[in-house]
>>> print(open('model_37.txt').read())   # compact mmCIF, C-alpha atoms and all ligand atoms
# COMPACT_ATOMS: atom_id res chain seq x y z
CA MET A 1033 94.89 180.59 62.45
CA PHE A 1034 98.01 182.51 63.28
CA ASP A 1035 97.30 182.52 66.97
CA PHE A 1036 97.30 178.75 67.11
CA MET A 1037 96.76 178.45 70.83
CA GLY A 1038 98.66 181.71 71.28
CA PHE A 1039 102.22 180.77 70.51
CA ASP A 1040 105.21 182.91 69.71
CA SER A 1041 107.51 181.43 67.13
CA GLY A 1042 110.36 183.45 68.59
CA SER A 1043 112.51 182.85 65.53
CA SER A 1044 112.89 184.03 62.00
CA GLU A 1045 112.82 180.62 60.36
CA PHE A 1046 110.76 181.74 57.40
CA HIS A 1047 113.24 184.41 56.42
CA GLN A 1048 115.68 181.66 55.60
CA THR A 1049 113.39 180.05 53.05
CA SER A 1050 112.86 181.29 49.53
CA SER A 1051 110.47 184.23 49.14
CA PRO A 1052 106.99 183.58 47.81
CA TYR A 1053 105.38 185.75 45.20
CA LEU A 1054 104.15 188.86 46.99
CA PRO A 1055 101.34 190.74 45.35
CA GLU A 1056 101.78 194.44 44.72
CA ALA A 1057 98.79 196.64 45.42
CA THR A 1058 98.27 196.98 41.69
CA ASP A 1059 98.15 193.18 41.27
CA CYS A 1060 94.79 193.12 42.99
CA MET A 1061 92.27 194.29 40.45
CA ARG A 1062 89.69 194.63 43.20
CA CYS A 1063 87.48 192.50 41.00
CA GLY A 1064 85.86 190.93 44.07
CA VAL A 1065 85.69 187.46 42.51
CA CYS A 1066 87.29 186.07 45.68
CA LEU A 1067 84.50 187.43 47.89
CA SER A 1068 81.98 185.02 46.43
CA VAL A 1069 83.93 181.95 47.65
CA CYS A 1070 85.26 183.24 50.97
CA PRO A 1071 83.57 181.51 53.94
CA THR A 1072 84.39 184.21 56.49
CA PHE A 1073 82.98 186.90 54.20
CA LYS A 1074 79.86 184.80 53.76
CA LEU A 1075 79.40 184.62 57.53
CA SER A 1076 80.21 188.24 58.30
CA ASN A 1077 79.27 190.05 55.10
CA ASP A 1078 82.12 192.33 56.12
CA GLU A 1079 84.76 193.25 53.52
CA LYS A 1080 87.37 193.34 56.30
CA GLN A 1081 86.89 189.60 56.69
CA GLY A 1082 87.30 188.94 52.99
CA PRO A 1083 90.39 188.16 50.88
CA ARG A 1084 90.65 191.58 49.24
CA GLN A 1085 91.19 193.36 52.54
CA ARG A 1086 93.40 190.59 53.88
CA VAL A 1087 95.69 190.86 50.85
CA ASN A 1088 95.95 194.55 51.53
CA SER A 1089 96.94 193.86 55.16
CA LEU A 1090 99.47 191.22 54.07
CA ARG A 1091 101.01 193.68 51.65
CA ARG A 1092 101.32 196.31 54.39
CA LEU A 1093 102.85 193.78 56.76
CA LEU A 1094 105.23 191.94 54.43
CA GLN A 1095 106.17 194.57 51.90
CA GLN A 1096 105.79 197.89 53.66
CA HIS A 1097 106.81 196.48 57.09
CA GLN A 1098 103.98 198.32 58.79
CA GLU A 1099 102.53 197.21 62.10
CA LEU A 1100 98.94 196.06 61.89
CA ASP A 1101 96.37 197.30 64.38
CA ASP A 1102 94.41 194.77 66.43
CA ASP A 1103 91.43 194.92 64.09
CA ALA A 1104 93.46 194.11 60.96
CA ARG A 1105 95.31 191.41 62.82
CA ARG A 1106 92.07 189.81 64.08
CA ASN A 1107 90.66 189.83 60.57
CA LEU A 1108 93.75 188.08 59.25
CA GLU A 1109 93.65 185.54 62.07
CA SER A 1110 90.02 184.72 61.27
CA CYS A 1111 91.02 183.45 57.81
CA VAL A 1112 90.35 179.71 57.71
CA GLN A 1113 93.11 179.25 55.08
CA CYS A 1114 90.82 177.27 52.83
CA ARG A 1115 92.54 178.68 49.71
CA ALA A 1116 89.25 179.08 47.88
CA CYS A 1117 90.21 182.67 47.03
CA GLU A 1118 93.53 181.51 45.57
CA ASN A 1119 91.61 179.12 43.36
CA VAL A 1120 89.59 181.86 41.67
CA CYS A 1121 91.92 184.89 41.79
CA PRO A 1122 92.70 186.07 38.23
CA SER A 1123 95.95 187.61 39.53
CA LYS A 1124 96.96 184.15 40.78
CA MET A 1125 98.24 185.34 44.12
CA ASP A 1126 99.78 182.67 46.32
CA TYR A 1127 97.74 183.22 49.47
CA ALA A 1128 98.97 180.10 51.25
CA LYS A 1129 102.62 181.15 51.13
CA LEU A 1130 101.79 184.71 52.07
CA PHE A 1131 99.89 183.52 55.10
CA ASP A 1132 102.70 181.21 56.18
CA ARG A 1133 105.14 184.11 56.16
CA ALA A 1134 102.73 186.50 57.82
CA GLY A 1135 101.96 183.93 60.52
CA GLU A 1136 105.50 184.05 61.79
CA GLN A 1137 105.59 187.85 61.90
CA LEU A 1138 102.17 188.21 63.48
CA ASN A 1139 103.00 185.86 66.31
CA LYS A 1140 106.31 187.42 67.23
CA GLU A 1141 104.93 189.49 70.10
CA LYS A 1142 102.71 186.80 71.55
CA PRO A 1143 104.11 184.69 74.39
CA ILE A 1144 103.75 180.95 73.93
CA ASN A 1145 101.35 179.36 76.38
CA LEU A 1146 101.68 175.95 77.99
CA ARG A 1147 98.83 174.39 76.01
CA ALA A 1148 100.38 175.42 72.71
CA ARG A 1149 103.83 174.22 73.78
CA LEU A 1150 102.37 170.86 74.75
CA ALA A 1151 100.45 170.53 71.47
CA PHE A 1152 103.58 171.17 69.42
CA VAL A 1153 105.64 168.71 71.49
CA LEU A 1154 103.02 165.96 71.21
CA LEU A 1155 102.66 166.38 67.46
CA GLU A 1156 106.42 166.38 67.07
CA HIS A 1157 107.01 163.34 69.29
CA LYS A 1158 104.53 160.65 68.38
CA ARG A 1159 105.92 158.24 70.97
CA VAL A 1160 105.13 160.67 73.78
CA LEU A 1161 101.65 161.19 72.35
CA ASN A 1162 101.05 157.45 72.16
CA ALA A 1163 102.37 156.94 75.70
CA LEU A 1164 99.67 159.30 76.99
CA LEU A 1165 96.79 157.51 75.26
CA PRO A 1166 96.03 155.06 78.13
CA PHE A 1167 95.42 158.12 80.33
CA VAL A 1168 93.13 159.64 77.68
CA LYS A 1169 91.17 156.40 77.59
CA LEU A 1170 91.01 156.24 81.38
CA TYR A 1171 89.76 159.84 81.45
CA GLN A 1172 87.07 159.04 78.87
CA GLN A 1173 85.87 155.81 80.47
CA SER A 1174 86.22 156.35 84.21
CA GLY A 1175 83.70 159.13 84.73
CA LEU A 1176 86.44 161.77 84.93
CA ARG A 1177 85.28 163.17 81.61
CA TRP A 1178 81.76 163.58 82.96
CA LEU A 1179 83.13 165.31 86.07
CA PHE A 1180 85.41 167.64 84.08
CA ARG A 1181 82.50 168.62 81.85
CA LYS A 1182 80.12 169.05 84.78
CA LEU A 1183 82.57 171.31 86.64
CA LYS A 1184 83.38 173.10 83.36
CA LEU A 1185 87.06 172.27 83.84
CA VAL A 1186 87.43 171.47 80.14
CA ASP A 1187 86.21 175.01 79.36
CA TRP A 1188 88.61 176.47 81.89
CA LEU A 1189 91.50 174.50 80.38
CA GLY A 1190 90.48 175.67 76.89
CA LEU A 1191 89.99 172.05 75.78
CA LYS A 1192 86.22 172.00 75.23
CA GLN A 1193 86.39 171.43 71.46
CA ALA A 1194 89.23 168.91 71.64
CA ASP A 1195 87.44 167.00 74.40
CA ALA A 1196 84.18 166.90 72.44
CA MET A 1197 85.87 165.63 69.28
CA ALA A 1198 88.26 163.07 70.73
CA ALA A 1199 87.19 159.52 69.91
CA SER A 1200 88.28 156.63 72.11
CA PRO A 1201 91.90 155.93 71.08
CA CYS A 1202 93.24 152.50 70.05
CA LEU A 1203 96.09 151.54 72.34
CA ASN A 1204 97.76 149.00 70.05
CA PRO A 1205 99.72 150.07 66.99
CA LEU A 1206 98.89 148.79 63.52
CA HIS A 1207 101.06 145.92 62.23
CA THR A 1208 103.97 146.82 59.98
CA HIS A 1209 102.91 144.49 57.16
CA TYR A 1210 99.54 143.31 55.79
CA PRO A 1211 100.46 140.82 53.05
CA VAL A 1212 98.38 139.14 50.31
CA LEU A 1213 99.13 135.79 48.65
CA HIS A 1214 99.97 136.90 45.11
CA PRO A 1215 100.64 140.65 45.31
CA LYS A 1216 100.39 142.90 42.25
CA GLY A 1217 102.65 145.31 44.09
CA SER A 1218 103.52 146.88 47.45
CA VAL A 1219 102.21 150.11 48.92
CA ALA A 1220 102.64 151.91 52.24
CA LEU A 1221 100.10 153.89 54.24
CA PHE A 1222 100.82 157.34 55.60
CA THR A 1223 99.03 157.42 58.96
CA GLY A 1224 100.18 160.83 60.22
CA CYS A 1225 100.02 161.97 63.83
CA ILE A 1226 96.66 160.78 65.17
CA SER A 1227 94.74 158.74 62.60
CA ASP A 1228 96.39 155.39 63.42
CA ARG A 1229 95.05 155.71 66.98
CA PHE A 1230 91.92 157.88 66.55
CA ASP A 1231 90.68 156.85 63.07
CA ARG A 1232 91.49 153.16 62.99
CA GLU A 1233 88.20 152.45 61.16
CA THR A 1234 89.41 154.30 58.04
CA LEU A 1235 92.88 152.74 58.13
CA HIS A 1236 91.52 149.20 58.56
CA ALA A 1237 89.11 149.84 55.68
CA SER A 1238 91.99 151.10 53.54
CA ILE A 1239 94.14 148.06 54.29
CA GLN A 1240 91.19 145.73 53.62
CA VAL A 1241 90.41 147.33 50.24
CA LEU A 1242 94.07 147.56 49.19
CA ASN A 1243 94.60 143.87 50.03
CA ARG A 1244 91.42 143.01 48.18
CA ILE A 1245 92.58 144.71 44.98
CA GLY A 1246 95.86 142.82 45.24
CA PHE A 1247 98.39 144.96 47.08
CA ASP A 1248 100.67 144.19 50.00
CA VAL A 1249 100.36 147.01 52.54
CA PHE A 1250 103.15 148.31 54.78
CA VAL A 1251 102.77 150.76 57.66
CA PRO A 1252 106.20 152.26 58.42
CA GLN A 1253 106.45 152.58 62.19
CA ARG A 1254 108.99 155.45 62.14
CA GLN A 1255 106.69 157.85 60.32
CA VAL A 1256 105.52 161.00 62.13
CA CYS A 1257 103.08 163.88 61.66
CA CYS A 1258 103.18 165.43 58.16
CA GLY A 1259 104.41 168.72 59.68
CA ALA A 1260 101.49 170.86 58.49
CA ILE A 1261 100.59 172.35 61.89
CA HIS A 1262 104.20 173.35 62.58
CA TYR A 1263 104.78 174.64 59.07
CA HIS A 1264 101.63 176.76 58.94
CA ASN A 1265 102.17 178.14 62.42
CA GLY A 1266 105.62 179.64 62.09
CA ARG A 1267 107.87 176.62 62.81
CA PRO A 1268 109.17 175.64 59.39
CA GLN A 1269 112.51 174.26 60.58
CA THR A 1270 110.85 171.84 62.99
CA ALA A 1271 108.40 170.93 60.23
CA GLN A 1272 111.28 170.25 57.85
CA THR A 1273 112.87 167.88 60.38
CA MET A 1274 109.58 165.97 60.58
CA MET A 1275 109.29 165.90 56.80
CA ARG A 1276 112.81 164.50 56.52
CA GLN A 1277 111.96 161.82 59.05
CA ASN A 1278 108.95 160.76 56.98
CA VAL A 1279 111.01 160.62 53.79
CA ASP A 1280 113.56 158.41 55.59
CA ALA A 1281 110.87 156.20 57.18
CA PHE A 1282 109.24 155.41 53.83
CA GLY A 1283 112.63 155.15 52.10
CA GLU A 1284 113.32 151.92 54.04
CA PHE A 1285 110.70 150.05 51.98
CA SER A 1286 110.54 149.03 48.34
CA LEU A 1287 107.20 150.52 47.31
CA ASP A 1288 105.05 151.19 44.26
CA ALA A 1289 103.03 153.89 46.01
CA ILE A 1290 102.78 155.89 49.24
CA ILE A 1291 99.11 156.27 50.04
CA TYR A 1292 97.51 158.86 52.31
CA CYS A 1293 93.93 158.71 53.57
CA ALA A 1294 93.56 162.32 54.77
CA THR A 1295 93.61 164.99 52.06
CA GLY A 1296 94.76 167.56 54.64
CA CYS A 1297 97.98 165.58 55.22
CA GLY A 1298 98.24 164.85 51.49
CA SER A 1299 98.27 168.50 50.49
CA GLN A 1300 101.25 168.99 52.82
CA LEU A 1301 103.04 165.79 51.71
CA HIS A 1302 102.89 166.94 48.09
CA ASP A 1303 104.75 170.12 49.12
CA TYR A 1304 107.74 168.27 50.65
CA GLN A 1305 109.89 168.52 47.53
CA GLU A 1306 109.40 172.28 47.29
CA ILE A 1307 109.83 172.89 51.03
CA LEU A 1308 112.87 170.68 51.54
CA THR A 1309 114.47 172.25 48.43
CA GLU A 1310 117.16 169.57 48.25
CA SER A 1311 117.56 167.68 44.99
CA ASP A 1312 117.78 164.43 46.90
CA SER A 1313 116.70 161.28 45.03
CA GLN A 1314 114.95 159.97 48.16
CA ILE A 1315 112.73 163.08 48.37
CA ILE A 1316 111.97 162.95 44.64
CA SER A 1317 111.13 159.24 44.92
CA PHE A 1318 108.88 159.94 47.95
CA SER A 1319 107.03 162.72 46.11
CA ASP A 1320 106.65 160.77 42.88
CA ARG A 1321 104.95 157.87 44.63
CA LEU A 1322 102.41 159.87 46.66
CA ILE A 1323 98.77 159.24 45.90
CA GLU A 1324 95.44 159.65 47.68
CA ILE A 1325 93.63 156.42 48.65
CA THR A 1326 90.43 156.84 46.57
CA GLU A 1327 92.48 157.83 43.52
CA PHE A 1328 94.71 154.75 43.87
CA VAL A 1329 91.83 152.33 44.42
CA ALA A 1330 89.83 153.80 41.51
CA LYS A 1331 92.86 153.42 39.20
CA TYR A 1332 93.53 149.79 40.20
CA TRP A 1333 89.94 148.60 40.59
CA PRO A 1334 89.71 145.04 39.16
CA ASP A 1335 87.08 144.62 36.42
CA ASP A 1336 85.51 141.62 38.14
CA LEU A 1337 85.21 143.15 41.62
CA LYS A 1338 81.61 143.89 42.58
CA LEU A 1339 80.19 145.81 45.51
CA SER A 1340 76.94 145.14 47.27
CA PHE A 1341 74.09 147.41 46.20
CA CYS A 1342 73.36 150.43 48.39
CA PRO A 1343 69.94 152.04 47.93
CA ASN A 1344 70.90 155.14 49.89
CA LYS A 1345 71.41 158.86 49.47
CA ILE A 1346 75.12 159.57 49.60
CA ARG A 1347 76.42 163.12 49.66
CA VAL A 1348 80.08 163.98 49.26
CA HIS A 1349 81.78 166.79 51.15
CA GLU A 1350 84.96 167.77 49.31
CA PRO A 1351 87.55 169.03 51.84
CA CYS A 1352 89.25 172.31 50.87
CA SER A 1353 92.53 170.40 50.71
CA GLN A 1354 90.92 168.30 47.98
CA HIS A 1355 88.68 170.85 46.25
CA ASN A 1356 91.18 173.74 46.20
CA VAL A 1357 94.60 172.09 46.42
CA LEU A 1358 94.79 168.44 45.28
CA LYS A 1359 91.87 168.77 42.82
CA ASN A 1360 91.65 164.99 42.41
CA GLN A 1361 88.00 164.57 43.40
CA GLN A 1362 87.03 163.14 40.01
CA TRP A 1363 88.74 159.88 41.08
CA LEU A 1364 86.60 159.72 44.19
CA TYR A 1365 83.43 159.99 42.07
CA ARG A 1366 84.80 157.35 39.67
CA LEU A 1367 85.32 155.00 42.61
CA LEU A 1368 81.85 155.69 44.00
CA ALA A 1369 80.36 154.94 40.57
CA HIS A 1370 81.02 151.23 41.35
CA ILE A 1371 78.25 151.40 43.97
CA ALA A 1372 75.06 150.14 42.38
CA ASP A 1373 71.68 151.75 43.09
CA ALA A 1374 73.01 154.60 45.19
CA ASP A 1375 71.94 158.21 44.78
CA ILE A 1376 75.35 159.92 44.84
CA SER A 1377 76.07 163.60 44.41
CA GLU A 1378 78.29 166.30 45.80
CA LEU A 1379 77.04 168.29 48.75
CA ASP A 1380 75.61 171.71 47.87
CA ASP A 1381 78.16 174.56 48.04
CA ASN A 1382 81.14 172.21 48.09
CA HIS A 1383 83.39 175.15 47.29
CA LEU A 1384 82.63 176.51 50.76
CA CYS A 1385 84.82 175.39 53.68
CA CYS A 1386 83.10 173.38 56.48
CA GLY A 1387 85.10 175.29 59.11
CA ALA A 1388 87.44 172.46 60.17
CA GLY A 1389 90.52 174.16 58.67
CA GLY A 1390 93.33 172.28 60.48
CA SER A 1391 93.30 173.82 63.95
CA TYR A 1392 90.70 176.48 63.02
CA MET A 1393 87.87 174.47 64.63
CA LEU A 1394 89.79 174.74 67.93
CA THR A 1395 90.90 178.36 67.64
CA HIS A 1396 87.70 179.81 66.11
CA PRO A 1397 84.92 177.49 67.31
CA ASP A 1398 82.07 179.95 66.62
CA ASN A 1399 82.95 180.51 62.96
CA ALA A 1400 83.71 176.79 62.56
CA ALA A 1401 80.33 175.79 64.02
CA ALA A 1402 78.45 178.31 61.83
CA LEU A 1403 80.09 176.93 58.69
CA ALA A 1404 79.38 173.33 59.70
CA ALA A 1405 75.74 174.28 60.34
CA LEU A 1406 75.41 175.34 56.69
CA LYS A 1407 76.51 171.84 55.63
CA TRP A 1408 74.07 170.18 57.99
CA GLN A 1409 71.23 172.38 56.84
CA SER A 1410 71.83 171.15 53.31
CA LEU A 1411 71.98 167.50 54.46
CA GLU A 1412 68.82 167.87 56.47
CA GLU A 1413 66.87 169.32 53.55
CA ASP A 1414 68.23 166.57 51.32
CA LYS A 1415 67.45 163.74 53.76
CA ALA A 1416 70.83 162.14 53.09
CA ASP A 1417 71.91 158.79 54.63
CA TYR A 1418 75.68 159.17 54.30
CA LEU A 1419 78.07 162.08 54.27
CA LEU A 1420 81.43 161.05 52.84
CA THR A 1421 84.58 163.08 53.26
CA ALA A 1422 88.21 162.16 52.58
CA ASN A 1423 89.72 164.17 55.44
CA ILE A 1424 89.66 163.13 59.09
CA GLY A 1425 89.57 166.77 60.29
CA CYS A 1426 86.38 167.51 58.33
CA ALA A 1427 84.82 164.21 59.46
CA LEU A 1428 85.52 164.89 63.15
CA HIS A 1429 84.34 168.47 62.91
CA LEU A 1430 81.15 167.71 60.97
CA SER A 1431 80.24 164.75 63.22
CA ASN A 1432 80.75 166.82 66.32
CA ALA A 1433 79.13 170.00 65.05
CA TYR A 1434 75.56 168.84 64.81
CA SER A 1435 74.71 165.74 66.77
CA ALA A 1436 70.94 166.13 66.24
CA LEU A 1437 71.21 164.45 62.85
CA LYS A 1438 72.37 161.07 64.11
CA ASP A 1439 70.73 159.36 61.14
CA VAL A 1440 73.39 160.73 58.79
CA LYS A 1441 76.53 158.63 59.02
CA VAL A 1442 79.73 160.59 58.45
CA LEU A 1443 82.60 158.47 57.19
CA HIS A 1444 85.55 158.24 54.85
CA PRO A 1445 84.59 157.03 51.33
CA ILE A 1446 86.92 154.04 51.69
CA GLY A 1447 84.99 153.02 54.82
CA LEU A 1448 81.81 152.72 52.77
CA ILE A 1449 83.60 150.81 49.98
CA ALA A 1450 85.01 148.32 52.53
CA ALA A 1451 81.57 147.82 54.12
CA LEU A 1452 79.98 147.17 50.71
CA LEU A 1453 82.73 144.66 49.84
CA ASP A 1454 82.00 142.83 53.11
CA ARG A 1455 78.28 142.81 52.33
CA ALA A 1456 78.91 141.49 48.80
CA ASP A 1457 81.06 138.68 50.23
CA ALA A 1458 78.44 137.74 52.80
CA ALA A 1459 75.62 137.63 50.22
S1 LIG A 1501 91.81 181.51 52.41
FE1 LIG A 1501 89.57 181.15 52.56
S2 LIG A 1501 88.93 182.26 54.42
FE2 LIG A 1501 90.97 183.03 53.87
S3 LIG A 1501 90.60 184.86 52.63
FE3 LIG A 1501 90.81 183.12 51.20
S4 LIG A 1501 88.70 182.36 50.87
FE4 LIG A 1501 88.65 183.69 52.69
S1 LIG A 1502 90.19 187.74 43.20
FE1 LIG A 1502 92.35 188.40 43.37
S2 LIG A 1502 92.43 190.22 42.04
FE2 LIG A 1502 90.25 189.89 42.47
S3 LIG A 1502 89.80 191.15 44.33
FE3 LIG A 1502 90.33 189.07 45.02
S4 LIG A 1502 92.53 189.24 45.44
FE4 LIG A 1502 92.05 190.99 44.14
>>> encode(input="model_37.txt", output="structure tokens")
Amino acid sequence: MFDFMGFDSGSSEFHQTSSPYLPEATDCMRCGVCLSVCPTFKLSNDEKQGPRQRVNSLRRLLQQHQELDDDARRNLESCVQCRACENVCPSKMDYAKLFDRAGEQLNKEKPINLRARLAFVLLEHKRVLNALLPFVKLYQQSGLRWLFRKLKLVDWLGLKQADAMAASPCLNPLHTHYPVLHPKGSVALFTGCISDRFDRETLHASIQVLNRIGFDVFVPQRQVCCGAIHYHNGRPQTAQTMMRQNVDAFGEFSLDAIIYCATGCGSQLHDYQEILTESDSQIISFSDRLIEITEFVAKYWPDDLKLSFCPNKIRVHEPCSQHNVLKNQQWLYRLLAHIADADISELDDNHLCCGAGGSYMLTHPDNAAALAALKWQSLEEDKADYLLTANIGCALHLSNAYSALKDVKVLHPIGLIAALLDRADAA
């Protein structure tokens, strides 16, 4: 993760933020509990690719200021940052913060490459990203994509994974306001960097369901990426600027809730107050009103609202950002309980990361594919019809990872709820 497309932070931004809890060697009891939940240890069966050894390397790097050899560095970089180990560690070590700090130090010597520079600029400047989308669409639809794949130019450019995952983008922005006649309240959608153009299906479904349960929906146009990629890859000051911009963009509206549809973004949004460290009423108000879409809909579900029946096998993949960080998945299951006749259960080994891991699926495609294959194996044995997941990164990765199982539809839970509302209305 640290070598996100090989960049060099070239700064010491993290040294200016407050220090996280750093484990002493004696804090690790070497109990090995973390090994049982670590996806990279499961794949490699190598202690060097497990949390216990990584903590040791982090301690040497951050506390003893030792240089790490290439092997130790590679083993740290192969961490998917799923935070499963943090979830079970009896010493309660804060892995996520340790990794954020280590990321900056580890990347100091690496020169930034053009691809990485471009990725950071595009995520930071949504307008520039959106301005390029007609060219992406032209590339996808004109035969250029076929040619680039045939000549292996996408491999040469290092864009094979991104090219395979990119859906056809929507060129028009969402409206700013989706009103209802007699609103119970007003909410706004956080759409992040790419989902308003690449995951319109989920956002339309969210707006439809929110309107249906009685809420006016706003989509602030000035909002930007949540800042997670910058923050977790050694650029905390840039990330903080983006976070501030989001707080300001949502602050322009009078809202009862700020709703996110991707748990990966949500886990970062919930950290704004701690990261921005200012006791600003606007930041506190932003943080207090944050809520994940399935949790909000489950809490405000009207007693008389019925869904169409759905005699299907539905399996739920809990993203790490939900399972290990937000821990709100019980609301998702409460919402799904409104679906009559469905066979709903969590996917086997939900504690295990699917390999998406933010940019991990791009930087470590082999590990990412092996982890996704474990999920598909379980789905195949189960003969499931739907795989639901509340994070766009997991959905893109899992859909792309194993195209042989076309019969299994991968979608956001709110997408299924919206479809069943439509079916109930049509009946
Ligand atoms: S964050 Fe995940 S991949 Fe990294 S050491 Fe912990 S369990 Fe393993
Ligand atoms: S769970 Fe925590 S205390 Fe136990 S071996 Fe892993 S890092 Fe050490």
>>> residues_near_ligand(input="model_37.txt", ligand="ligand LIG 1501 (chain A)", cutoff="10 Å", atoms="all atoms listed in the file", output="PyMOL selection string")
chain A and resi 1033+1066-1074+1080-1087+1107-1121+1127-1128+1131+1352+1356+1383-1385+1387+1389
>>> axis_aligned_box(input="model_37.txt", around="ligand LIG 1502 (chain A)", padding_each_side="3 Å", output="lines of an AutoDock Vina configuration file")
center_x = 91.2
center_y = 189.4
center_z = 43.7
size_x = 8.7
size_y = 9.4
size_z = 9.4
>>> residues_around(input="model_37.txt", residues="segment 1153-1168 of chain A", least_positions_apart="6", cutoff="9 Å", atoms="only C-alpha atoms", output="VMD selection string")
chain A and resid 1200 to 1203 1225 to 1226 1229 1255 to 1257 1259 1261 to 1262 1270 to 1271 1274
>>> atom_distance(input="model_37.txt", atom1="atom CA of Leu1100 of chain A", atom2="atom CA of Gly1135 of chain A")
12.6 Å
>>> residues_near_point(input="model_37.txt", point="(108.7, 158.5, 55.4)", cutoff="8 Å", atoms="only C-alpha atoms", output="number ranges by chain")
A: 1222, 1252, 1254-1256, 1275-1283, 1318
>>> atom_distance(input="model_37.txt", atom1="atom CA of Phe1180 of chain A", atom2="atom CA of His1396 of chain A")
21.8 Å
>>> atom_distance(input="model_37.txt", atom1="atom CA of Tyr1304 of chain A", atom2="atom CA of Thr1234 of chain A")
24.2 Å
>>> closest_residue(input="model_37.txt", among="A:Asp1320, A:Asp1380, A:Glu1079, A:Asp1439", to="ligand LIG 1502 (chain A)", atoms="only C-alpha atoms and all ligand atoms")
A:Glu1079
>>> residues_around(input="model_37.txt", residues="segment 1188-1192 of chain A", least_positions_apart="6", cutoff="10 Å", atoms="all atoms listed in the file", output="PyMOL selection string")
chain A and resi 1037+1147+1180-1181+1394-1395+1397
>>> closest_residue(input="model_37.txt", among="A:Asp1228, A:Asp1457, A:Asp1288, A:Glu1310", to="Leu1339 of chain A", atoms="only C-alpha atoms")
A:Asp1457
>>> residues_around(input="model_37.txt", residues="segment 1334-1337 of chain A", least_positions_apart="6", cutoff="9 Å", atoms="all atoms listed in the file", output="PyMOL selection string")
chain A and resi 1245-1246+1453
>>> closest_residue(input="model_37.txt", among="A:Gln1095, A:Met1125, A:Asp1102, A:Ile1346", to="ligand LIG 1502 (chain A)", atoms="only C-alpha atoms and all ligand atoms")
A:Met1125
>>> closest_residue(input="model_37.txt", among="A:Ala1260, A:Met1197, A:Leu1358, A:Val1251", to="Glu1284 of chain A", atoms="only C-alpha atoms")
A:Val1251
>>> residues_around(input="model_37.txt", residues="Gln1361 of chain A", least_positions_apart="4", cutoff="10 Å", atoms="only C-alpha atoms", output="JSON, numbers by chain")
{"A": [1324, 1326, 1327, 1348, 1350, 1351, 1354, 1355, 1365, 1366, 1367, 1422]}
>>> closest_residue(input="model_37.txt", among="A:His1349, A:Gln1098, A:Ala1405, A:Asp1126", to="ligand LIG 1502 (chain A)", atoms="only C-alpha atoms and all ligand atoms")
A:Asp1126
>>> closest_residue(input="model_37.txt", among="A:Ala1194, A:Asp1132, A:Ile1376, A:Leu1368", to="Pro1343 of chain A", atoms="only C-alpha atoms")
A:Ile1376
>>> residues_near_point(input="model_37.txt", point="(115.0, 166.0, 44.0)", cutoff="10 Å", atoms="only C-alpha atoms", output="list in words")
Gln1305, Glu1306, Leu1308, Thr1309, Glu1310, Ser1311, Asp1312, Ser1313, Gln1314, Ile1315, Ile1316, Ser1317, Phe1318, Ser1319 and Asp1320 of chain A
>>> residues_around(input="model_37.txt", residues="Ala1134 of chain A", least_positions_apart="5", cutoff="8 Å", atoms="all atoms listed in the file", output="mmCIF file with C-alpha atoms, in the coordinates of the input")
data_model
loop_
_atom_site.group_PDB
_atom_site.id
_atom_site.type_symbol
_atom_site.label_atom_id
_atom_site.label_comp_id
_atom_site.auth_asym_id
_atom_site.auth_seq_id
_atom_site.Cartn_x
_atom_site.Cartn_y
_atom_site.Cartn_z
ATOM 1 C CA LEU A 1090 99.470 191.220 54.070
ATOM 2 C CA LEU A 1093 102.850 193.780 56.760
ATOM 3 C CA LEU A 1094 105.230 191.940 54.430
#
>>> decode(input="model_37.txt", residues="segment 1168-1173 of chain A", atoms="N, CA, C and O atoms", output="PDB file, in the first residue's frame")
ATOM      1  N   VAL A1168     -12.545   9.217 -21.814  1.00  0.00           N
ATOM      2  CA  VAL A1168     -12.588   7.835 -21.305  1.00  0.00           C
ATOM      3  C   VAL A1168     -13.689   7.070 -22.040  1.00  0.00           C
ATOM      4  O   VAL A1168     -13.509   5.935 -22.493  1.00  0.00           O
ATOM      5  N   LYS A1169     -14.826   7.731 -22.201  1.00  0.00           N
ATOM      6  CA  LYS A1169     -15.958   7.092 -22.880  1.00  0.00           C
ATOM      7  C   LYS A1169     -15.615   6.803 -24.343  1.00  0.00           C
ATOM      8  O   LYS A1169     -15.921   5.734 -24.865  1.00  0.00           O
ATOM      9  N   LEU A1170     -14.979   7.775 -24.978  1.00  0.00           N
ATOM     10  CA  LEU A1170     -14.578   7.603 -26.381  1.00  0.00           C
ATOM     11  C   LEU A1170     -13.616   6.414 -26.490  1.00  0.00           C
ATOM     12  O   LEU A1170     -13.744   5.566 -27.367  1.00  0.00           O
ATOM     13  N   TYR A1171     -12.673   6.356 -25.578  1.00  0.00           N
ATOM     14  CA  TYR A1171     -11.695   5.249 -25.561  1.00  0.00           C
ATOM     15  C   TYR A1171     -12.412   3.909 -25.418  1.00  0.00           C
ATOM     16  O   TYR A1171     -12.111   2.943 -26.118  1.00  0.00           O
ATOM     17  N   GLN A1172     -13.414   3.869 -24.529  1.00  0.00           N
ATOM     18  CA  GLN A1172     -14.110   2.608 -24.272  1.00  0.00           C
ATOM     19  C   GLN A1172     -14.986   2.178 -25.439  1.00  0.00           C
ATOM     20  O   GLN A1172     -15.159   0.995 -25.701  1.00  0.00           O
ATOM     21  N   GLN A1173     -15.569   3.177 -26.150  1.00  0.00           N
ATOM     22  CA  GLN A1173     -16.587   2.834 -27.145  1.00  0.00           C
ATOM     23  C   GLN A1173     -16.110   2.850 -28.593  1.00  0.00           C
ATOM     24  O   GLN A1173     -16.812   2.387 -29.479  1.00  0.00           O
TER      25      GLN A1173
END
